[in-house]
>>> print(open('final-v1.tsv').read())   # TSV, C-alpha atoms and all ligand atoms
chain	number	residue	atom	x	y	z
B	30	MET	CA	47.21	-39.19	24.33
B	31	SER	CA	49.90	-36.68	25.23
B	32	GLY	CA	52.53	-37.65	22.62
B	33	ARG	CA	56.00	-39.00	23.05
B	34	LYS	CA	59.64	-37.98	23.38
B	35	ASP	CA	62.55	-39.38	21.45
B	36	PRO	CA	64.83	-40.75	24.19
B	37	LYS	CA	67.78	-39.97	21.92
B	38	VAL	CA	67.02	-36.24	21.92
B	39	ASN	CA	67.55	-33.74	24.71
B	40	SER	CA	64.68	-31.71	26.10
B	41	ILE	CA	64.68	-29.02	23.39
B	42	ILE	CA	61.22	-28.18	22.01
B	43	ASP	CA	61.99	-27.81	18.31
B	44	LEU	CA	59.20	-26.04	16.44
B	45	ARG	CA	61.32	-24.73	13.57
B	46	SER	CA	59.99	-27.29	11.11
B	47	ASP	CA	58.65	-30.83	10.75
B	48	THR	CA	61.84	-31.52	8.79
B	49	VAL	CA	63.57	-31.88	12.18
B	50	THR	CA	61.68	-35.11	13.01
B	51	HIS	CA	63.72	-38.16	13.89
B	52	PRO	CA	62.72	-41.66	12.76
B	53	THR	CA	60.49	-43.63	15.12
B	54	PRO	CA	61.76	-46.81	16.85
B	55	GLU	CA	59.64	-48.86	14.39
B	56	MET	CA	61.39	-47.13	11.49
B	57	ARG	CA	64.82	-47.81	12.95
B	58	GLN	CA	63.84	-51.46	13.29
B	59	ALA	CA	62.54	-51.65	9.72
B	60	MET	CA	65.70	-49.95	8.46
B	61	ALA	CA	67.93	-52.43	10.26
B	62	ASN	CA	66.06	-55.34	8.69
B	63	ALA	CA	65.64	-53.90	5.18
B	64	GLU	CA	66.42	-56.06	2.17
B	65	VAL	CA	68.53	-54.02	-0.26
B	66	GLY	CA	69.92	-54.08	-3.79
B	67	ASP	CA	71.29	-51.63	-6.37
B	68	ASP	CA	68.42	-49.27	-7.14
B	69	VAL	CA	70.08	-47.77	-10.22
B	70	TYR	CA	69.74	-51.31	-11.66
B	71	GLY	CA	66.15	-51.33	-10.32
B	72	GLU	CA	67.15	-54.15	-7.96
B	73	ASP	CA	66.33	-52.81	-4.53
B	74	PRO	CA	63.25	-54.78	-3.42
B	75	THR	CA	62.40	-52.37	-0.60
B	76	ILE	CA	62.50	-49.33	-2.89
B	77	ASN	CA	60.43	-51.18	-5.45
B	78	ARG	CA	57.88	-51.92	-2.75
B	79	LEU	CA	57.82	-48.29	-1.58
B	80	GLU	CA	57.40	-47.06	-5.17
B	81	ALA	CA	54.51	-49.44	-5.82
B	82	LEU	CA	52.83	-48.49	-2.54
B	83	SER	CA	53.20	-44.75	-3.21
B	84	ALA	CA	51.79	-44.99	-6.72
B	85	GLU	CA	48.85	-47.00	-5.41
B	86	ARG	CA	48.15	-44.46	-2.63
B	87	MET	CA	48.15	-41.59	-5.14
B	88	GLY	CA	46.08	-43.50	-7.68
B	89	MET	CA	48.85	-43.03	-10.24
B	90	GLU	CA	50.66	-45.53	-12.47
B	91	ALA	CA	54.19	-45.23	-11.14
B	92	SER	CA	56.48	-43.49	-8.67
B	93	LEU	CA	60.11	-42.78	-7.97
B	94	PHE	CA	62.05	-42.54	-4.68
B	95	ILE	CA	63.97	-39.25	-4.61
B	96	PRO	CA	66.43	-37.95	-1.99
B	97	SER	CA	64.51	-34.72	-1.22
B	98	GLY	CA	61.40	-32.69	-1.95
B	99	THR	CA	63.53	-30.09	-3.72
B	100	MET	CA	64.97	-32.70	-6.05
B	101	GLY	CA	61.51	-34.22	-6.55
B	102	ASN	CA	60.06	-30.90	-7.74
B	103	LEU	CA	63.08	-30.24	-9.93
B	104	ALA	CA	63.08	-33.72	-11.49
B	105	ALA	CA	59.35	-33.30	-12.20
B	106	ILE	CA	59.88	-29.94	-13.86
B	107	LEU	CA	62.82	-31.26	-15.90
B	108	ALA	CA	60.70	-34.20	-17.02
B	109	HIS	CA	57.78	-31.97	-18.06
B	110	CYS	CA	59.71	-29.03	-19.57
B	111	GLY	CA	62.51	-28.29	-22.00
B	112	ARG	CA	64.92	-25.33	-21.93
B	113	GLY	CA	63.08	-22.07	-22.59
B	114	ASP	CA	59.73	-23.45	-21.45
B	115	GLU	CA	57.83	-21.58	-18.79
B	116	ILE	CA	56.17	-22.73	-15.58
B	117	ILE	CA	53.34	-20.79	-13.96
B	118	LEU	CA	53.48	-20.84	-10.16
B	119	GLY	CA	52.62	-18.78	-7.11
B	120	ASP	CA	54.83	-15.95	-5.89
B	121	ARG	CA	54.90	-17.70	-2.48
B	122	ALA	CA	55.53	-21.20	-3.88
B	123	HIS	CA	58.31	-23.16	-2.20
B	124	THR	CA	59.71	-23.99	-5.64
B	125	PHE	CA	59.97	-20.29	-6.43
B	126	LEU	CA	61.25	-19.08	-3.06
B	127	TYR	CA	63.29	-21.84	-1.48
B	128	GLU	CA	64.70	-24.23	-4.07
B	129	ALA	CA	67.77	-22.18	-4.96
B	130	GLY	CA	66.41	-21.21	-8.37
B	131	GLY	CA	67.12	-24.78	-9.54
B	132	VAL	CA	64.54	-24.72	-12.35
B	133	ALA	CA	66.32	-21.77	-13.98
B	134	ALA	CA	69.89	-22.66	-13.01
B	135	LEU	CA	69.75	-26.32	-13.97
B	136	GLY	CA	66.76	-26.64	-16.27
B	137	GLY	CA	66.81	-23.38	-18.26
B	138	VAL	CA	63.13	-23.17	-17.30
B	139	HIS	CA	61.55	-19.74	-16.89
B	140	PRO	CA	59.42	-19.22	-13.75
B	141	ARG	CA	56.37	-16.99	-14.25
B	142	THR	CA	54.88	-16.05	-10.90
B	143	ILE	CA	51.32	-14.97	-10.21
B	144	PRO	CA	49.97	-13.95	-6.79
B	145	ASN	CA	49.21	-16.65	-4.27
B	146	GLN	CA	45.99	-15.85	-2.47
B	147	ASP	CA	46.09	-16.14	1.33
B	148	ASP	CA	44.31	-19.49	1.11
B	149	GLY	CA	47.19	-20.87	-0.98
B	150	THR	CA	45.28	-20.88	-4.26
B	151	LEU	CA	46.11	-19.24	-7.58
B	152	ARG	CA	43.11	-17.47	-9.13
B	153	LEU	CA	42.06	-19.30	-12.29
B	154	GLU	CA	41.81	-16.01	-14.18
B	155	ASP	CA	45.40	-15.15	-13.17
B	156	ILE	CA	46.59	-18.53	-14.46
B	157	LEU	CA	44.70	-18.04	-17.72
B	158	SER	CA	46.09	-14.59	-18.31
B	159	ALA	CA	49.64	-15.80	-17.61
B	160	ILE	CA	49.47	-18.36	-20.43
B	161	ARG	CA	51.52	-17.14	-23.38
B	162	PRO	CA	50.15	-16.88	-26.89
B	163	ASP	CA	52.12	-18.66	-29.61
B	164	ASN	CA	54.54	-15.90	-30.54
B	165	PRO	CA	58.32	-16.16	-31.03
B	166	HIS	CA	58.87	-13.38	-28.49
B	167	PHE	CA	57.64	-15.53	-25.64
B	168	PRO	CA	58.72	-18.63	-23.77
B	169	ILE	CA	56.37	-21.59	-24.18
B	170	SER	CA	53.90	-22.05	-21.30
B	171	ARG	CA	54.22	-25.71	-20.35
B	172	LEU	CA	53.39	-26.40	-16.74
B	173	ILE	CA	51.33	-25.10	-13.81
B	174	CYS	CA	52.58	-25.82	-10.28
B	175	ILE	CA	50.43	-25.66	-7.15
B	176	GLU	CA	51.33	-26.48	-3.54
B	177	ASN	CA	49.24	-28.43	-1.01
B	178	THR	CA	49.44	-27.77	1.91
B	179	HIS	CA	50.79	-24.32	1.17
B	180	ASN	CA	53.75	-23.57	3.37
B	181	ARG	CA	54.13	-19.80	3.10
B	182	CYS	CA	50.36	-19.32	3.04
B	183	GLY	CA	50.23	-20.62	6.61
B	184	GLY	CA	49.84	-24.35	5.93
B	185	ALA	CA	46.71	-23.62	3.88
B	186	VAL	CA	44.86	-26.64	2.51
B	187	LEU	CA	43.75	-26.77	-1.13
B	188	THR	CA	40.46	-28.61	-1.56
B	189	GLU	CA	39.65	-31.38	-3.97
B	190	GLU	CA	37.25	-29.03	-5.83
B	191	TYR	CA	39.88	-26.35	-6.27
B	192	THR	CA	42.46	-28.84	-7.55
B	193	ARG	CA	39.90	-30.28	-9.97
B	194	SER	CA	39.27	-26.78	-11.36
B	195	VAL	CA	43.00	-26.33	-12.00
B	196	VAL	CA	43.18	-29.81	-13.58
B	197	GLU	CA	40.36	-28.84	-15.98
B	198	LEU	CA	42.01	-25.55	-16.83
B	199	ALA	CA	45.35	-27.27	-17.48
B	200	GLN	CA	43.76	-29.93	-19.67
B	201	ASN	CA	41.78	-27.36	-21.69
B	202	GLN	CA	44.93	-25.30	-22.21
B	203	ARG	CA	47.10	-28.36	-22.95
B	204	LEU	CA	49.40	-27.62	-20.04
B	205	PHE	CA	50.78	-30.07	-17.49
B	206	LEU	CA	49.96	-29.76	-13.80
B	207	HIS	CA	52.45	-30.59	-11.03
B	208	ILE	CA	51.51	-30.59	-7.35
B	209	ASP	CA	54.16	-29.90	-4.74
B	210	GLY	CA	52.49	-32.08	-2.15
B	211	ALA	CA	55.35	-32.05	0.36
B	212	ARG	CA	52.65	-32.14	3.08
B	213	ILE	CA	49.69	-33.43	1.07
B	214	PHE	CA	48.92	-36.08	3.70
B	215	ASN	CA	48.30	-33.21	6.13
B	216	ALA	CA	45.83	-31.81	3.60
B	217	ALA	CA	44.05	-35.16	3.22
B	218	VAL	CA	43.71	-35.56	6.98
B	219	ALA	CA	42.54	-31.96	7.45
B	220	LEU	CA	39.87	-32.41	4.77
B	221	GLY	CA	39.01	-35.99	5.67
B	222	VAL	CA	39.33	-37.18	2.06
B	223	PRO	CA	41.36	-40.08	0.61
B	224	ILE	CA	44.66	-38.79	-0.67
B	225	HIS	CA	44.17	-39.89	-4.29
B	226	ARG	CA	41.21	-37.49	-4.64
B	227	LEU	CA	43.50	-34.51	-3.93
B	228	VAL	CA	45.76	-35.34	-6.88
B	229	ALA	CA	43.25	-36.84	-9.34
B	230	GLY	CA	43.93	-35.64	-12.87
B	231	ALA	CA	47.29	-33.98	-12.04
B	232	ASP	CA	50.23	-35.05	-14.18
B	233	SER	CA	52.59	-35.39	-11.25
B	234	VAL	CA	52.86	-34.98	-7.50
B	235	THR	CA	55.78	-34.89	-5.08
B	236	PHE	CA	55.23	-35.79	-1.45
B	237	CYS	CA	57.72	-35.92	1.40
B	238	LEU	CA	58.39	-38.83	3.72
B	239	SER	CA	60.79	-36.88	5.90
B	240	LYS	CA	58.56	-34.13	7.26
B	241	GLY	CA	55.48	-34.88	9.36
B	242	LEU	CA	55.76	-38.57	8.43
B	243	CYS	CA	59.11	-38.79	10.28
B	244	ALA	CA	61.22	-40.83	7.84
B	245	PRO	CA	64.83	-39.66	7.93
B	246	VAL	CA	65.26	-39.07	4.17
B	247	GLY	CA	63.26	-39.04	0.98
B	248	SER	CA	60.36	-37.91	-1.14
B	249	MET	CA	58.23	-39.65	-3.73
B	250	LEU	CA	57.48	-38.39	-7.22
B	251	CYS	CA	54.38	-39.96	-8.77
B	252	GLY	CA	52.83	-39.85	-12.25
B	253	SER	CA	52.28	-41.95	-15.37
B	254	GLU	CA	54.70	-44.74	-16.40
B	255	ALA	CA	55.97	-42.59	-19.27
B	256	PHE	CA	56.50	-39.56	-17.02
B	257	ILE	CA	58.34	-41.55	-14.34
B	258	HIS	CA	60.56	-43.07	-17.06
B	259	LYS	CA	61.66	-39.52	-17.98
B	260	ALA	CA	61.92	-38.41	-14.34
B	261	ARG	CA	64.22	-41.37	-13.61
B	262	ARG	CA	66.70	-39.97	-16.14
B	263	ALA	CA	66.33	-36.45	-14.64
B	264	ARG	CA	67.00	-37.86	-11.16
B	265	LYS	CA	70.17	-39.54	-12.47
B	266	GLN	CA	71.30	-36.29	-14.13
B	267	LEU	CA	70.87	-34.52	-10.81
B	268	GLY	CA	73.00	-37.12	-9.06
B	269	GLY	CA	70.03	-38.60	-7.24
B	270	GLY	CA	70.40	-42.21	-8.39
B	271	MET	CA	70.96	-44.12	-5.16
B	272	ARG	CA	72.27	-47.61	-4.59
B	273	GLN	CA	71.31	-49.67	-1.49
B	274	ALA	CA	68.84	-47.03	-0.37
B	275	GLY	CA	66.30	-49.66	0.63
B	276	ILE	CA	67.58	-48.88	4.14
B	277	LEU	CA	65.88	-45.48	3.73
B	278	ALA	CA	62.87	-46.76	1.81
B	279	ALA	CA	62.07	-49.15	4.68
B	280	ALA	CA	61.42	-46.11	6.88
B	281	GLY	CA	59.31	-44.66	4.06
B	282	ILE	CA	57.10	-47.76	3.97
B	283	GLU	CA	56.61	-47.53	7.73
B	284	ALA	CA	55.76	-43.81	7.25
B	285	LEU	CA	53.10	-44.54	4.64
B	286	GLU	CA	51.59	-47.44	6.51
B	287	ASN	CA	51.53	-46.05	10.03
B	288	MET	CA	52.16	-42.32	10.17
B	289	THR	CA	49.62	-40.63	7.93
B	290	GLN	CA	46.40	-40.91	9.94
B	291	ARG	CA	47.98	-39.66	13.16
B	292	LEU	CA	48.73	-36.25	11.56
B	293	GLU	CA	45.39	-35.08	12.98
B	294	GLU	CA	47.08	-35.14	16.42
B	295	ASP	CA	49.57	-32.55	15.15
B	296	HIS	CA	46.75	-30.40	13.78
B	297	LYS	CA	44.97	-30.58	17.14
B	298	ARG	CA	48.13	-29.45	18.93
B	299	ALA	CA	48.61	-26.65	16.39
B	300	ARG	CA	45.10	-25.43	17.28
B	301	ALA	CA	45.89	-25.58	21.00
B	302	LEU	CA	49.13	-23.69	20.51
B	303	ALA	CA	47.41	-20.99	18.41
B	304	LEU	CA	44.80	-20.56	21.12
B	305	GLY	CA	47.49	-20.17	23.80
B	306	ILE	CA	49.42	-17.64	21.73
B	307	THR	CA	46.34	-15.41	21.22
B	308	HIS	CA	46.78	-14.27	24.85
B	309	ILE	CA	50.37	-13.13	24.37
B	310	PRO	CA	50.72	-9.34	24.05
B	311	GLY	CA	52.39	-8.07	20.88
B	312	LEU	CA	51.52	-11.15	18.78
B	313	THR	CA	48.67	-11.96	16.38
B	314	VAL	CA	48.01	-15.47	15.13
B	315	GLU	CA	47.46	-15.21	11.38
B	316	LYS	CA	45.10	-18.14	10.80
B	317	ASN	CA	43.16	-19.13	13.88
B	318	PRO	CA	42.39	-22.00	14.00
B	319	PRO	CA	45.40	-23.01	11.87
B	320	PRO	CA	44.45	-25.14	8.86
B	321	SER	CA	47.09	-27.86	9.37
B	322	ASN	CA	50.29	-28.32	11.39
B	323	MET	CA	51.72	-24.80	11.10
B	324	VAL	CA	51.04	-21.75	13.23
B	325	PHE	CA	52.09	-18.44	11.68
B	326	ILE	CA	52.26	-15.41	13.93
B	327	GLN	CA	52.63	-11.70	13.16
B	328	VAL	CA	54.76	-9.63	15.51
B	329	ASN	CA	52.72	-6.45	15.81
B	330	GLN	CA	54.25	-3.25	14.44
B	331	GLY	CA	55.66	-1.09	17.22
B	332	TYR	CA	56.20	-4.02	19.61
B	333	PRO	CA	59.69	-3.59	21.11
B	334	GLN	CA	60.94	-7.00	19.98
B	335	ASP	CA	61.02	-8.41	16.44
B	336	ALA	CA	60.66	-12.05	15.33
B	337	TYR	CA	64.42	-12.68	15.48
B	338	GLN	CA	64.55	-11.36	19.05
B	339	TRP	CA	61.60	-13.58	19.98
B	340	ALA	CA	63.55	-16.53	18.56
B	341	ASP	CA	66.69	-15.62	20.54
B	342	ALA	CA	64.76	-15.10	23.77
B	343	LEU	CA	62.82	-18.38	23.48
B	344	LYS	CA	66.01	-20.28	22.72
B	345	GLU	CA	67.17	-19.38	26.22
B	346	TYR	CA	64.22	-21.45	27.49
B	347	GLY	CA	64.98	-24.37	25.14
B	348	VAL	CA	62.27	-23.53	22.58
B	349	LEU	CA	63.35	-23.23	18.94
B	350	ILE	CA	61.05	-21.29	16.60
B	351	GLY	CA	61.33	-20.12	12.99
B	352	ALA	CA	61.62	-16.39	12.28
B	353	VAL	CA	60.47	-16.06	8.66
B	354	ASP	CA	61.32	-12.36	8.60
B	355	LYS	CA	61.38	-9.50	11.14
B	356	GLN	CA	57.61	-9.50	11.52
B	357	ARG	CA	56.67	-13.16	11.09
B	358	ILE	CA	57.13	-16.32	13.15
B	359	ARG	CA	56.43	-19.92	12.09
B	360	LEU	CA	55.82	-22.78	14.52
B	361	VAL	CA	55.50	-26.28	13.10
B	362	ILE	CA	53.97	-29.15	15.05
B	363	HIS	CA	55.15	-32.70	14.46
B	364	TYR	CA	55.30	-36.20	15.91
B	365	TRP	CA	57.86	-35.36	18.60
B	366	ILE	CA	55.87	-32.46	20.04
B	367	THR	CA	53.73	-33.44	23.02
B	368	ASP	CA	50.79	-31.77	24.78
B	369	GLU	CA	53.20	-30.80	27.56
B	370	ASP	CA	55.50	-29.17	25.00
B	371	ILE	CA	52.58	-27.05	23.81
B	372	GLU	CA	51.83	-25.93	27.38
B	373	GLU	CA	55.51	-25.20	28.04
B	374	THR	CA	55.83	-23.24	24.83
B	375	VAL	CA	52.87	-21.01	25.68
B	376	LYS	CA	54.31	-20.54	29.19
B	377	PHE	CA	57.69	-19.49	27.79
B	378	PHE	CA	56.10	-17.12	25.28
B	379	SER	CA	54.28	-15.43	28.21
B	380	ARG	CA	57.46	-15.28	30.23
B	381	VAL	CA	59.40	-13.63	27.40
B	382	ALA	CA	56.55	-11.11	26.94
B	383	GLU	CA	56.53	-10.36	30.71
B	384	ASN	CA	60.32	-9.91	30.77
B	385	LYS	CA	60.04	-7.53	27.87
B	386	GLN	CA	57.29	-5.53	29.58
B	387	GLU	CA	59.27	-5.29	32.82
B	388	GLU	CA	62.34	-4.25	30.90
B	389	SER	CA	60.51	-1.44	29.10
B	390	LEU	CA	58.89	-0.34	32.39
B	391	ARG	CA	62.33	-0.22	34.02
B	392	ARG	CA	63.70	1.67	31.05
B	393	GLY	CA	60.74	4.09	31.18
B	394	LYS	CA	61.32	4.77	34.91
B	395	ARG	CA	65.05	5.24	34.37
B	396	ASP	CA	64.43	7.64	31.49
B	397	SER	CA	61.91	9.72	33.45
B	398	SER	CA	64.17	9.87	36.54
B	399	MET	CA	67.01	11.01	34.30
B	400	ARG	CA	64.73	13.74	32.93
B	401	MET	CA	63.92	14.85	36.54
B	402	GLU	CA	67.60	15.21	37.46
B	501	LIG	N1	60.39	-26.83	3.33
B	501	LIG	C1	61.27	-26.51	4.43
B	501	LIG	C2	62.15	-25.31	4.12
B	501	LIG	O1	62.78	-25.47	2.91
B	501	LIG	C3	61.42	-24.00	4.11
B	501	LIG	C4	60.45	-26.29	5.68
B	501	LIG	O2	61.06	-26.25	6.75
B	501	LIG	O3	59.22	-26.16	5.58
B	501	LIG	N2	57.98	-28.22	-0.83
B	501	LIG	C5	57.53	-27.64	0.31
B	501	LIG	C6	56.13	-27.12	0.34
B	501	LIG	C7	58.35	-27.56	1.44
B	501	LIG	O4	57.88	-26.98	2.53
B	501	LIG	C8	59.66	-28.08	1.36
B	501	LIG	C9	60.59	-27.97	2.55
B	501	LIG	C10	60.09	-28.67	0.17
B	501	LIG	C11	59.22	-28.72	-0.91
B	501	LIG	C12	61.48	-29.21	-0.01
B	501	LIG	O5	61.70	-30.37	0.70
B	501	LIG	P1	63.21	-30.84	1.04
B	501	LIG	O6	63.59	-30.06	2.27
B	501	LIG	O7	63.06	-32.30	1.29
B	501	LIG	O8	64.06	-30.54	-0.11
>>> encode(input="final-v1.tsv", output="structure tokens", more="lines below")
Ligand code: TLP
Amino acid sequence: MSGRKDPKVNSIIDLRSDTVTHPTPEMRQAMANAEVGDDVYGEDPTINRLEALSAERMGMEASLFIPSGTMGNLAAILAHCGRGDEIILGDRAHTFLYEAGGVAALGGVHPRTIPNQDDGTLRLEDILSAIRPDNPHFPISRLICIENTHNRCGGAVLTEEYTRSVVELAQNQRLFLHIDGARIFNAAVALGVPIHRLVAGADSVTFCLSKGLCAPVGSMLCGSEAFIHKARRARKQLGGGMRQAGILAAAGIEALENMTQRLEEDHKRARALALGITHIPGLTVEKNPPPSNMVFIQVNQGYPQDAYQWADALKEYGVLIGAVDKQRIRLVIHYWITDEDIEETVKFFSRVAENKQEESLRRGKRDSSMRME
């Protein structure tokens, strides 16, 4: 199968993120037909259905529909921690890098970072040595956060065994464990394990409906009944109590029922793209084959064009890519990217590289002829 194109979108190949996905026609249909009610009163039947389905999928008691992954992580942390408590998380964690410092700004929670390994894990010994002794000088260690798949570690997938080892550590140390599982369905598909095994024993997990699963809005926060009761108040404090949002939840149900297993198609295309890019001069694919739906690329030192210039040049050909920094590019595969898009993207990468080579040759000739004069 070569994939599909959203007839409502122009011919741009958008690889900046899987957050750019539009809802499928089936989602739009489900949204149009959704039964709704006031969810702050707990009366939206479609949200109630989505929450029950999500909890069941994760093997947890309860769940909560939240407007975004960022708010889901924050509501979880607010429900687990009080002001002055400390969370232990990776120095490349999304919650640390890209959530506007919400845990500190809004929760008075102190983030303690330890190094993320390239495979997305935190070393157990690093977690252990970050736990504070009971001493009035220190904040109180309360929560460990891990991320699966790990975005900044190249879409790395944390295994069931690794997660279980962190669960055991957390339980022995009487700490809570939260999983930022924005893309945990990608992890489950990559590993070929049922999703609930990747979160077993964790105190909470957030997963996103609006990334690879294509729903337009929303994330789910899952945990025990008591935890979700607290998180519901945190969501309200953050202004995330929604009313007739069953319209959105209907797309979420469609996402959970029909969009999770197909993620393997995105992973396959990510592998094809990585393979194509290996032939482009000046670029090195970081993880080849890529572990999930992201391809991270290093722009080699000394190459005459940095990641931002690659992004500008490719945009001219209708390909949008993410420049993480000067030296690093991220390409994310999702439902609306077809096999043809992958071929086109590789073709345009080659063309940009050729143009660059010709340009530097021309410049070299001009410089040497100027020297001769
Ligand atoms: N990530 C976005 C950007 O914020 C970087 C992306 O394009 O990948 N956890 C993880 C692991 C994420 O990657 C993201 C979004 C979130 C949480 C936040 O989700 P939203 O965007 O729904 O707040």
>>> residues_near_point(input="final-v1.tsv", point="(51.9, -25.6, 25.7)", cutoff="10 Å", atoms="all atoms listed in the file", output="NGL selection string")
:B and (298-299 or 301-306 or 366-378)
>>> residues_near_ligand(input="final-v1.tsv", ligand="ligand LIG 501 (chain B)", cutoff="8 Å", atoms="only C-alpha atoms and all ligand atoms", output="VMD selection string")
chain B and resid 45 to 48 96 to 102 122 to 124 127 to 128 176 to 180 209 to 212 237 239 to 240 246 to 248
>>> atom_distance(input="final-v1.tsv", atom1="CA of Leu187 in chain B", atom2="CA of Asp148 in chain B")
7.6 Å
>>> closest_residue(input="final-v1.tsv", among="B:Arg226, B:Phe214, B:Leu118, B:Gly130", to="Ile173 in chain B", atoms="all atoms listed in the file")
B:Leu118
>>> residues_around(input="final-v1.tsv", residues="range 283-295 of chain B", least_positions_apart="5", cutoff="7 Å", atoms="all atoms listed in the file", output="PyMOL selection string")
chain B and resi 56+214-215+218-219+238+242-244+322+362-364
>>> closest_residue(input="final-v1.tsv", among="B:Ala263, B:Ile41, B:Leu206, B:Ala185", to="Gly136 in chain B", atoms="all atoms listed in the file")
B:Ala263
>>> atom_distance(input="final-v1.tsv", atom1="CA of Pro140 in chain B", atom2="CA of Asp114 in chain B")
8.8 Å
>>> atom_distance(input="final-v1.tsv", atom1="CA of Gln356 in chain B", atom2="CA of Glu383 in chain B")
19.2 Å
>>> closest_residue(input="final-v1.tsv", among="B:Gln330, B:Ile213, B:Gly183, B:Ile276", to="Asn317 in chain B", atoms="all atoms listed in the file")
B:Gly183
>>> residues_near_point(input="final-v1.tsv", point="(61.9, -19.8, 14.2)", cutoff="8 Å", atoms="all atoms listed in the file", output="NGL selection string")
:B and (44-45 or 336-337 or 340 or 349-353 or 358-360)
>>> closest_residue(input="final-v1.tsv", among="B:Arg272, B:His139, B:His51, B:His296", to="Gly71 in chain B", atoms="all atoms listed in the file")
B:Arg272
>>> residues_around(input="final-v1.tsv", residues="Ser92 in chain B", least_positions_apart="4", cutoff="7 Å", atoms="only C-alpha atoms", output="ChimeraX atom specification")
/B:80-81,83-84,249-252,257
>>> closest_residue(input="final-v1.tsv", among="B:Thr53, B:Thr150, B:Asn77, B:Ser321", to="Val361 in chain B", atoms="all atoms listed in the file")
B:Ser321
>>> closest_residue(input="final-v1.tsv", among="B:Ala159, B:Leu103, B:Leu151, B:Val65", to="Asp120 in chain B", atoms="all atoms listed in the file")
B:Leu151
>>> axis_aligned_box(input="final-v1.tsv", around="range 369-387 of chain B", padding_each_side="3 Å", output="lines of an AutoDock Vina configuration file")
center_x = 56.1
center_y = -18.0
center_z = 28.3
size_x = 14.5
size_y = 31.5
size_z = 15.0
>>> residues_around(input="final-v1.tsv", residues="Glu72 in chain B", least_positions_apart="6", cutoff="12 Å", atoms="all atoms listed in the file", output="list in words")
Glu64, Val65, Gly66, Arg78, Met271, Arg272, Gln273, Ala274 and Gly275 of chain B
>>> residues_around(input="final-v1.tsv", residues="Leu312 in chain B", least_positions_apart="6", cutoff="9 Å", atoms="all atoms listed in the file", output="PyMOL selection string")
chain B and resi 306+326-329+332
>>> residues_around(input="final-v1.tsv", residues="range 188-192 of chain B", least_positions_apart="3", cutoff="9 Å", atoms="all atoms listed in the file", output="list in words")
Thr150, Ile175, Asn177, Val195, Val196, Glu197, Ala216, Ala217, Leu220, Val222, Arg226, Leu227, Val228, Ala229, Gly230 and Ala231 of chain B
